[in-house]
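So this block is model-v3.cif, mmCIF, C-alpha atoms:
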```
data_query
loop_
_atom_site.label_atom_id
_atom_site.label_comp_id
_atom_site.auth_asym_id
_atom_site.auth_seq_id
_atom_site.Cartn_x
_atom_site.Cartn_y
_atom_site.Cartn_z
CA MET A 1 -8.60 1.95 10.93
CA ARG A 2 -4.82 1.48 11.13
CA SER A 3 -5.28 -2.16 12.05
CA LEU A 4 -7.16 -2.94 8.84
CA PRO A 5 -5.20 -4.29 5.87
CA HIS A 6 -4.41 -1.61 3.29
CA ASP A 7 -6.91 -2.87 0.68
CA ARG A 8 -9.72 -2.62 3.23
CA ARG A 9 -8.70 0.86 4.34
CA LYS A 10 -8.53 1.97 0.72
CA LEU A 11 -12.00 0.59 -0.03
CA LEU A 12 -13.32 2.26 3.11
CA ALA A 13 -11.80 5.60 2.05
CA ILE A 14 -13.41 5.25 -1.40
CA TYR A 15 -16.72 4.31 0.23
CA LEU A 16 -16.69 7.36 2.50
CA GLY A 17 -15.80 9.67 -0.39
CA GLY A 18 -18.64 8.09 -2.36
CA VAL A 19 -21.16 8.76 0.41
CA VAL A 20 -20.24 12.46 0.45
CA GLY A 21 -20.12 12.79 -3.35
CA ALA A 22 -23.51 11.11 -3.85
CA LEU A 23 -25.18 13.25 -1.18
CA ILE A 24 -23.85 16.47 -2.70
CA ARG A 25 -24.87 15.51 -6.28
CA VAL A 26 -28.34 14.27 -5.33
CA GLY A 27 -28.74 17.28 -3.00
CA LEU A 28 -27.99 19.61 -5.93
CA ALA A 29 -30.44 17.70 -8.14
CA GLU A 30 -33.17 17.91 -5.49
CA ALA A 31 -32.54 21.63 -4.92
CA ALA A 32 -32.53 22.52 -8.61
CA SER A 33 -34.56 19.99 -10.57
CA THR A 34 -35.05 20.83 -14.24
CA SER A 35 -37.30 19.66 -17.05
CA PRO A 36 -35.94 18.15 -20.33
CA GLY A 37 -36.32 21.51 -22.06
CA GLN A 38 -33.97 23.26 -19.63
CA TRP A 39 -30.23 23.29 -19.08
CA PRO A 40 -29.53 20.64 -16.36
CA TRP A 41 -27.64 22.97 -14.03
CA ALA A 42 -27.40 20.55 -11.11
CA THR A 43 -25.64 17.81 -13.11
CA PHE A 44 -23.57 20.37 -15.00
CA VAL A 45 -22.29 22.09 -11.85
CA ALA A 46 -21.54 18.76 -10.14
CA ASN A 47 -19.61 17.51 -13.19
CA MET A 48 -17.60 20.73 -13.61
CA ALA A 49 -16.75 20.99 -9.90
CA GLY A 50 -15.72 17.34 -9.81
CA ALA A 51 -13.58 17.66 -12.95
CA LEU A 52 -11.79 20.73 -11.57
CA LEU A 53 -11.16 19.08 -8.20
CA LEU A 54 -10.03 15.80 -9.77
CA GLY A 55 -7.48 17.67 -11.94
CA TYR A 56 -6.20 19.40 -8.82
CA PHE A 57 -6.04 16.21 -6.71
CA PHE A 58 -4.51 14.22 -9.56
CA ALA A 59 -1.61 16.68 -9.72
CA LEU A 60 -1.38 17.10 -5.93
CA PHE A 61 -1.30 13.41 -5.03
CA ARG A 62 0.71 12.21 -8.00
CA GLU A 63 3.86 11.87 -5.89
CA HIS A 64 2.16 10.41 -2.85
CA PRO A 65 3.08 6.84 -1.85
CA PRO A 66 0.59 4.13 -2.89
CA GLN A 67 -0.48 3.58 0.73
CA SER A 68 -1.76 7.16 0.98
CA LEU A 69 -5.54 7.29 1.30
CA ASN A 70 -5.85 10.85 -0.03
CA HIS A 71 -6.47 9.94 -3.65
CA PRO A 72 -8.85 7.04 -2.88
CA PHE A 73 -10.94 9.30 -0.62
CA LEU A 74 -10.87 12.60 -2.53
CA GLY A 75 -10.17 11.47 -6.11
CA ILE A 76 -11.89 8.11 -6.64
CA GLY A 77 -14.50 8.45 -3.89
CA LEU A 78 -15.49 12.12 -3.76
CA CYS A 79 -14.80 13.39 -7.30
CA GLY A 80 -15.63 10.10 -9.01
CA THR A 81 -19.00 9.94 -7.30
CA LEU A 82 -19.83 13.66 -7.31
CA THR A 83 -19.65 13.49 -11.10
CA THR A 84 -21.83 11.28 -13.26
CA PHE A 85 -21.85 9.98 -16.80
CA SER A 86 -25.15 8.08 -16.79
CA THR A 87 -27.32 10.97 -15.56
CA MET A 88 -25.84 13.23 -18.23
CA GLN A 89 -26.65 10.61 -20.88
CA LEU A 90 -30.22 10.20 -19.59
CA GLU A 91 -30.65 13.98 -19.71
CA LEU A 92 -29.39 13.98 -23.32
CA TYR A 93 -31.84 11.22 -24.22
CA GLU A 94 -34.75 13.04 -22.57
CA MET A 95 -33.83 16.27 -24.41
CA VAL A 96 -33.87 14.50 -27.78
CA ASP A 97 -37.00 12.54 -26.84
CA GLY A 98 -38.70 15.76 -25.73
CA GLY A 99 -38.00 17.51 -29.04
CA HIS A 100 -34.92 19.53 -28.02
CA PRO A 101 -32.09 18.09 -30.18
CA GLY A 102 -30.30 21.45 -30.38
CA LEU A 103 -30.17 21.75 -26.61
CA ALA A 104 -28.91 18.16 -26.41
CA ALA A 105 -26.10 18.86 -28.88
CA ALA A 106 -25.10 22.01 -27.00
CA TYR A 107 -25.26 20.23 -23.63
CA ALA A 108 -23.06 17.35 -24.84
CA ALA A 109 -20.48 19.61 -26.53
CA ILE A 110 -20.29 22.19 -23.73
CA THR A 111 -20.14 19.57 -20.97
CA VAL A 112 -17.23 17.73 -22.60
CA ALA A 113 -15.33 20.89 -23.63
CA ALA A 114 -15.84 22.71 -20.32
CA GLY A 115 -15.08 19.53 -18.36
CA TYR A 116 -11.80 19.19 -20.22
CA LEU A 117 -11.01 22.82 -19.45
CA CYS A 118 -11.86 22.29 -15.77
CA VAL A 119 -9.42 19.35 -15.55
CA ARG A 120 -6.69 21.52 -17.10
CA VAL A 121 -7.45 24.45 -14.79
CA GLY A 122 -7.38 22.12 -11.76
CA ILE A 123 -3.97 20.76 -12.74
CA GLY A 124 -2.72 24.31 -13.44
CA LEU A 125 -3.94 25.59 -10.07
CA GLU A 126 -2.03 22.87 -8.26
CA ARG A 127 1.11 23.66 -10.23
CA ARG A 128 0.86 27.37 -9.39
CA ARG A 129 0.25 26.56 -5.74
CA GLY A 130 3.34 24.33 -5.76
CA GLU A 131 5.41 27.14 -7.27
CA SER A 132 4.09 29.84 -4.98
CA ILE A 133 4.97 27.97 -1.80
CA GLY A 134 8.41 27.30 -3.26
CA GLY A 135 7.98 23.59 -2.82
CA TYR A 136 9.29 21.06 -5.27
CA THR A 137 6.49 19.49 -7.23
CA GLU A 138 7.46 17.08 -9.92
CA PHE A 139 4.87 17.65 -12.61
CA PRO A 140 3.37 14.44 -13.98
CA ARG A 141 5.21 13.07 -16.95
CA GLY A 142 3.21 13.58 -20.10
CA ASP A 143 1.24 16.44 -18.59
CA ARG A 144 3.92 19.04 -19.10
CA ARG A 145 3.15 21.71 -21.64
CA MET B 1 -37.01 13.25 0.06
CA THR B 2 -37.41 11.56 3.42
CA LEU B 3 -34.53 10.98 5.85
CA PRO B 4 -34.41 7.22 5.06
CA GLY B 5 -34.23 8.24 1.40
CA TRP B 6 -31.15 10.40 2.02
CA ILE B 7 -29.53 7.65 4.08
CA ALA B 8 -30.14 5.20 1.22
CA VAL B 9 -28.60 7.65 -1.27
CA GLY B 10 -25.47 7.98 0.88
CA LEU B 11 -25.09 4.24 1.52
CA LEU B 12 -25.65 3.36 -2.15
CA GLY B 13 -23.26 6.11 -3.24
CA GLY B 14 -20.49 4.61 -1.13
CA VAL B 15 -21.16 1.07 -2.37
CA ALA B 16 -21.27 2.29 -5.98
CA ALA B 17 -17.93 4.11 -5.60
CA ALA B 18 -16.25 1.02 -4.12
CA ALA B 19 -17.78 -1.16 -6.88
CA ARG B 20 -16.51 1.26 -9.54
CA PHE B 21 -12.99 1.03 -8.13
CA ALA B 22 -13.02 -2.77 -7.79
CA ILE B 23 -14.47 -3.43 -11.26
CA ASP B 24 -12.14 -0.91 -12.89
CA ALA B 25 -9.12 -2.57 -11.23
CA GLU B 26 -10.29 -6.05 -12.31
CA ILE B 27 -10.75 -5.00 -15.93
CA ALA B 28 -7.47 -3.07 -16.00
CA ALA B 29 -5.65 -6.16 -14.71
CA ARG B 30 -7.17 -8.40 -17.40
CA THR B 31 -6.79 -6.15 -20.43
CA ASP B 32 -3.82 -4.54 -22.12
CA SER B 33 -5.07 -1.39 -23.76
CA GLU B 34 -4.19 2.29 -23.77
CA LEU B 35 -7.92 2.98 -23.69
CA PRO B 36 -9.35 3.00 -20.14
CA LEU B 37 -11.68 0.04 -20.81
CA GLY B 38 -12.71 -0.33 -17.16
CA ILE B 39 -14.28 3.12 -16.94
CA LEU B 40 -15.76 2.63 -20.41
CA ALA B 41 -17.47 -0.61 -19.36
CA ILE B 42 -18.68 0.98 -16.11
CA ASN B 43 -20.09 4.07 -17.80
CA LEU B 44 -21.83 2.14 -20.59
CA SER B 45 -23.35 -0.48 -18.28
CA GLY B 46 -24.48 2.31 -15.97
CA ALA B 47 -26.07 4.21 -18.88
CA LEU B 48 -27.95 1.05 -19.88
CA ALA B 49 -29.09 0.44 -16.29
CA LEU B 50 -30.23 4.05 -15.88
CA GLY B 51 -32.19 3.86 -19.13
CA ILE B 52 -33.95 0.73 -17.84
CA ALA B 53 -34.66 2.34 -14.44
CA ALA B 54 -36.07 5.50 -16.03
CA GLY B 55 -38.05 3.59 -18.66
CA ALA B 56 -39.53 1.20 -16.09
CA VAL B 57 -42.17 2.12 -13.54
CA LEU B 58 -39.67 3.60 -11.06
CA ASP B 59 -40.43 7.17 -10.14
CA GLY B 60 -40.36 9.59 -7.23
CA GLU B 61 -38.08 8.78 -4.32
CA ALA B 62 -37.33 5.24 -5.53
CA LEU B 63 -35.97 6.62 -8.79
CA VAL B 64 -33.85 9.24 -6.98
CA ILE B 65 -32.35 6.55 -4.73
CA VAL B 66 -31.64 4.01 -7.48
CA ALA B 67 -30.73 6.46 -10.25
CA GLY B 68 -29.05 9.26 -8.29
CA GLY B 69 -27.62 7.34 -5.35
CA GLY B 70 -26.72 4.07 -7.07
CA ILE B 71 -26.28 4.27 -10.83
CA GLY B 72 -25.31 7.95 -10.99
CA SER B 73 -22.61 7.30 -8.39
CA PHE B 74 -21.33 4.17 -10.15
CA THR B 75 -20.64 6.01 -13.40
CA THR B 76 -18.24 8.93 -13.49
CA PHE B 77 -17.60 12.01 -15.58
CA SER B 78 -14.43 13.37 -13.96
CA THR B 79 -12.30 10.23 -14.38
CA TRP B 80 -13.51 9.83 -17.97
CA ILE B 81 -12.42 13.38 -18.85
CA LEU B 82 -9.14 13.20 -16.89
CA ASP B 83 -8.25 9.93 -18.66
CA SER B 84 -8.96 11.56 -22.02
CA HIS B 85 -6.77 14.51 -21.05
CA ARG B 86 -3.95 12.19 -20.04
CA LEU B 87 -4.15 10.30 -23.37
CA GLY B 88 -3.87 13.62 -25.19
CA GLU B 89 -0.92 14.77 -23.09
CA ALA B 90 0.81 11.44 -23.71
CA GLY B 91 0.72 12.19 -27.44
CA LEU B 92 -2.14 9.79 -28.16
CA ALA B 93 -4.49 12.39 -29.63
CA ARG B 94 -6.51 9.90 -31.68
CA LEU B 95 -7.15 7.69 -28.68
CA ALA B 96 -8.08 10.78 -26.64
CA TRP B 97 -10.73 11.72 -29.21
CA LEU B 98 -11.90 8.11 -29.40
CA ASN B 99 -12.19 8.00 -25.61
CA ILE B 100 -14.45 11.07 -25.80
CA ALA B 101 -16.56 10.18 -28.83
CA LEU B 102 -17.11 6.46 -28.27
CA PRO B 103 -18.63 6.66 -24.75
CA LEU B 104 -20.67 9.71 -25.76
CA ALA B 105 -22.28 7.96 -28.73
CA ALA B 106 -22.49 4.48 -27.21
CA GLY B 107 -23.78 5.87 -23.90
CA PHE B 108 -26.63 7.60 -25.68
CA ALA B 109 -27.49 4.39 -27.53
CA ALA B 110 -27.30 2.44 -24.24
CA VAL B 111 -29.73 4.83 -22.50
CA ALA B 112 -32.13 4.75 -25.47
CA PHE B 113 -32.04 0.94 -25.62
CA GLY B 114 -32.43 0.67 -21.85
CA HIS B 115 -35.36 3.09 -21.89
CA TRP B 116 -37.10 0.98 -24.52
CA LEU B 117 -36.28 -2.19 -22.59
CA GLY B 118 -37.54 -0.71 -19.31
CA GLY B 119 -40.76 0.39 -20.94
CA ALA B 120 -41.29 -3.06 -22.43
CA LEU B 121 -40.80 -4.83 -19.10
#
```
Give the structure from the file, written as structure tokens.
Amino acid sequence: MRSLPHDRRKLLAIYLGGVVGALIRVGLAEAASTSPGQWPWATFVANMAGALLLGYFFALFREHPPQSLNHPFLGIGLCGTLTTFSTMQLELYEMVDGGHPGLAAAYAAITVAAGYLCVRVGIGLERRRGESIGGYTEFPRGDRR
Amino acid sequence: MTLPGWIAVGLLGGVAAAARFAIDAEIAARTDSELPLGILAINLSGALALGIAAGAVLDGEALVIVAGGGIGSFTTFSTWILDSHRLGEAGLARLAWLNIALPLAAGFAAVAFGHWLGGAL
């Protein structure tokens, strides 16, 4: 892998992360399939887990050099692929189409709000970890509160 | 799901992730906007494609492979939300809200249109 040019290695890292992310998300969907009248737990759990992890990785790898493959593999590949926008939108459409507009509104609002919270919690967890090990972690500019 | 089905899901998931990265980078290089237009274009085109796939005759394992492995992997929730968070933290609250509301509304319309289109095919 070292002999490959960096762009190729980066694409390969993203590809491998994507394989894992897709298998986990589809595995969850197969294990817990739901009808349009039910809360889509599989998609919801995948999206929340991916948002939390991406917040954490975003903060953790922020200072890594551009040639590092950590963010391509874990951030873009794994988290980007574990989570999905299109499936959530199809579920919303099927809820409305199936006569459950209230559930659709709740699903959209809670997914966005909880996803936002998960990103924040992920970033916060990384910051606390950085402080607890006494290491110096420059917190991303613009993300300081 | 059969074993070949799972293999197809994994292979398509990897291709979709690499395509998402490459297309996002291309769009980011050609546009000058605070809004993450690459992810927006990816998520909306994916929503349209998924609507078509679900509205068309695809079902069973073929739908899981195409929809879950391919299209579901191409689009992303986590990056969309992280980008919105970063816009907010950068003091661009309006853009952050726009980046939430626009894909949410347009994505729904894209799925609905795709579903109709897929059914008509």
Give me, as JSON lines, the closest atom pair and its distance (Å, one decimal) for every residue of chain A within a cut-off of 7 Å of chain B, counting all atoms listed in the file, rows sorted by chain and rising number.
```
{"residue": "A:Leu11", "atom": "CA", "partner": "B:Ala18", "partner_atom": "CA", "distance": 5.9}
{"residue": "A:Ile14", "atom": "CA", "partner": "B:Ala18", "partner_atom": "CA", "distance": 5.8}
{"residue": "A:Tyr15", "atom": "CA", "partner": "B:Gly14", "partner_atom": "CA", "distance": 4.0}
{"residue": "A:Leu16", "atom": "CA", "partner": "B:Gly14", "partner_atom": "CA", "distance": 5.9}
{"residue": "A:Gly17", "atom": "CA", "partner": "B:Gly14", "partner_atom": "CA", "distance": 6.9}
{"residue": "A:Gly18", "atom": "CA", "partner": "B:Gly14", "partner_atom": "CA", "distance": 4.1}
{"residue": "A:Val19", "atom": "CA", "partner": "B:Gly10", "partner_atom": "CA", "distance": 4.4}
{"residue": "A:Val20", "atom": "CA", "partner": "B:Gly10", "partner_atom": "CA", "distance": 6.9}
{"residue": "A:Ala22", "atom": "CA", "partner": "B:Gly13", "partner_atom": "CA", "distance": 5.0}
{"residue": "A:Leu23", "atom": "CA", "partner": "B:Gly10", "partner_atom": "CA", "distance": 5.7}
{"residue": "A:Val26", "atom": "CA", "partner": "B:Gly68", "partner_atom": "CA", "distance": 5.9}
{"residue": "A:Asn47", "atom": "CA", "partner": "B:Phe77", "partner_atom": "CA", "distance": 6.3}
{"residue": "A:Gly50", "atom": "CA", "partner": "B:Ser78", "partner_atom": "CA", "distance": 5.9}
{"residue": "A:Ala51", "atom": "CA", "partner": "B:Ser78", "partner_atom": "CA", "distance": 4.5}
{"residue": "A:Leu54", "atom": "CA", "partner": "B:Ser78", "partner_atom": "CA", "distance": 6.5}
{"residue": "A:Gly55", "atom": "CA", "partner": "B:Leu82", "partner_atom": "CA", "distance": 6.9}
{"residue": "A:Gly77", "atom": "CA", "partner": "B:Ala17", "partner_atom": "CA", "distance": 5.8}
{"residue": "A:Cys79", "atom": "CA", "partner": "B:Ser78", "partner_atom": "CA", "distance": 6.7}
{"residue": "A:Gly80", "atom": "CA", "partner": "B:Thr76", "partner_atom": "CA", "distance": 5.3}
{"residue": "A:Thr81", "atom": "CA", "partner": "B:Ser73", "partner_atom": "CA", "distance": 4.6}
{"residue": "A:Thr83", "atom": "CA", "partner": "B:Phe77", "partner_atom": "CA", "distance": 5.1}
{"residue": "A:Thr84", "atom": "CA", "partner": "B:Thr76", "partner_atom": "CA", "distance": 4.3}
{"residue": "A:Phe85", "atom": "CA", "partner": "B:Phe77", "partner_atom": "CA", "distance": 4.9}
{"residue": "A:Ser86", "atom": "CA", "partner": "B:Ala47", "partner_atom": "CA", "distance": 4.5}
{"residue": "A:Thr87", "atom": "CA", "partner": "B:Gly72", "partner_atom": "CA", "distance": 5.8}
{"residue": "A:Gln89", "atom": "CA", "partner": "B:Phe108", "partner_atom": "CA", "distance": 5.7}
{"residue": "A:Leu90", "atom": "CA", "partner": "B:Val111", "partner_atom": "CA", "distance": 6.1}
{"residue": "A:Tyr93", "atom": "CA", "partner": "B:Phe108", "partner_atom": "CA", "distance": 6.5}
{"residue": "A:Gly115", "atom": "CA", "partner": "B:Ile81", "partner_atom": "CA", "distance": 6.7}
{"residue": "A:Tyr116", "atom": "CA", "partner": "B:Ile81", "partner_atom": "CA", "distance": 6.0}
{"residue": "A:Val119", "atom": "CA", "partner": "B:Leu82", "partner_atom": "CA", "distance": 6.3}
{"residue": "A:Gly142", "atom": "CA", "partner": "B:Ala90", "partner_atom": "CA", "distance": 4.8}
{"residue": "A:Asp143", "atom": "CA", "partner": "B:Glu89", "partner_atom": "CA", "distance": 5.3}
```
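All polymer residues at most 10 Å from (-43.0, -2.2, -18.6), using all atoms listed in the file, appear as Ile52, Gly55, Ala56, Val57, His115, Trp116, Leu117, Gly118, Gly119, Ala120 and Leu121 of chain B.
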Pick from B:Gly38, B:Gly60, B:Pro4, B:Gly114 nearest to B:Asn99, counting only C-alpha atoms: B:Gly38
For A:Ala31, find every residue with an atom within 12 Å (counting all atoms listed in the file), except residues of its own chain fewer than 3 positions away, and show them as a PDB file with C-alpha atoms, keeping the file's coordinate frame.
```
ATOM      1  CA  LEU A  23     -25.180  13.250  -1.180  1.00  0.00           C
ATOM      2  CA  ILE A  24     -23.850  16.470  -2.700  1.00  0.00           C
ATOM      3  CA  ARG A  25     -24.870  15.510  -6.280  1.00  0.00           C
ATOM      4  CA  VAL A  26     -28.340  14.270  -5.330  1.00  0.00           C
ATOM      5  CA  GLY A  27     -28.740  17.280  -3.000  1.00  0.00           C
ATOM      6  CA  LEU A  28     -27.990  19.610  -5.930  1.00  0.00           C
ATOM      7  CA  THR A  34     -35.050  20.830 -14.240  1.00  0.00           C
ATOM      8  CA  PRO A  40     -29.530  20.640 -16.360  1.00  0.00           C
ATOM      9  CA  TRP A  41     -27.640  22.970 -14.030  1.00  0.00           C
ATOM     10  CA  ALA A  42     -27.400  20.550 -11.110  1.00  0.00           C
ATOM     11  CA  THR A  43     -25.640  17.810 -13.110  1.00  0.00           C
TER      12      THR A  43
ATOM     13  CA  MET B   1     -37.010  13.250   0.060  1.00  0.00           C
TER      14      MET B   1
END
```
For the atom pair atom CA of A:His71 and atom CA of B:Leu98, what is the interatomic distance in Å to one decimal place? 26.4 Å
Selection: 10 Å around A:Gly37, all atoms listed in the file, excl. self and same-chain fewer than 6 positions, as JSON, numbers by chain: {"A": [91, 94, 95, 96, 98, 99, 100, 101, 103, 104]}
Given the choices A:Asn70, A:Ser35, A:Leu52, A:Phe61, which gets closest to A:Arg9 if the distance is worked out from all atoms listed in the file? A:Asn70
Just give me the gap between atom CA of A:Gly75 and atom CA of A:Leu125 in Å, one decimal is fine.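 Separation between atom CA of A:Gly75 and atom CA of A:Leu125: 15.9 Å.
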Nearest to B:Ala25 by atom-to-atom distance, counting all atoms listed in the file, from A:Leu12, A:Ile76, A:Pro5, A:Gly21: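 When distances to B:Ala25 are compared using all atoms listed in the file, the smallest one comes from A:Ile76.
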Nearest to A:Arg127 among A:Met88, A:Leu82, A:Ala113, A:Ala59, with distances taken over all atoms listed in the file: which residue is it? A:Ala59
Of A:Met48, A:Ser68, A:Arg8, A:Ala32, the one sitting nearest A:Val112 when using all atoms listed in the file is A:Met48
For atom CA of B:Thr2 and atom CA of A:Gln38, quote the distance in Å rounded to one decimal.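 These atoms are spaced 26.1 Å apart.
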Which residues, written as a ChimeraX atom specification, have at least one atom at most 10 Å from A:Leu60, with all atoms listed in the file counted and residues fewer than 2 positions away on the same chain left out? /A:54-58,62-64,70-71,122-123,125-127,129-130,137-140
Using only C-alpha atoms, the shortest atom-to-atom distance to A:Gly102 among A:Ser33, A:Leu74, A:Leu69, A:Trp39 belongs to A:Trp39
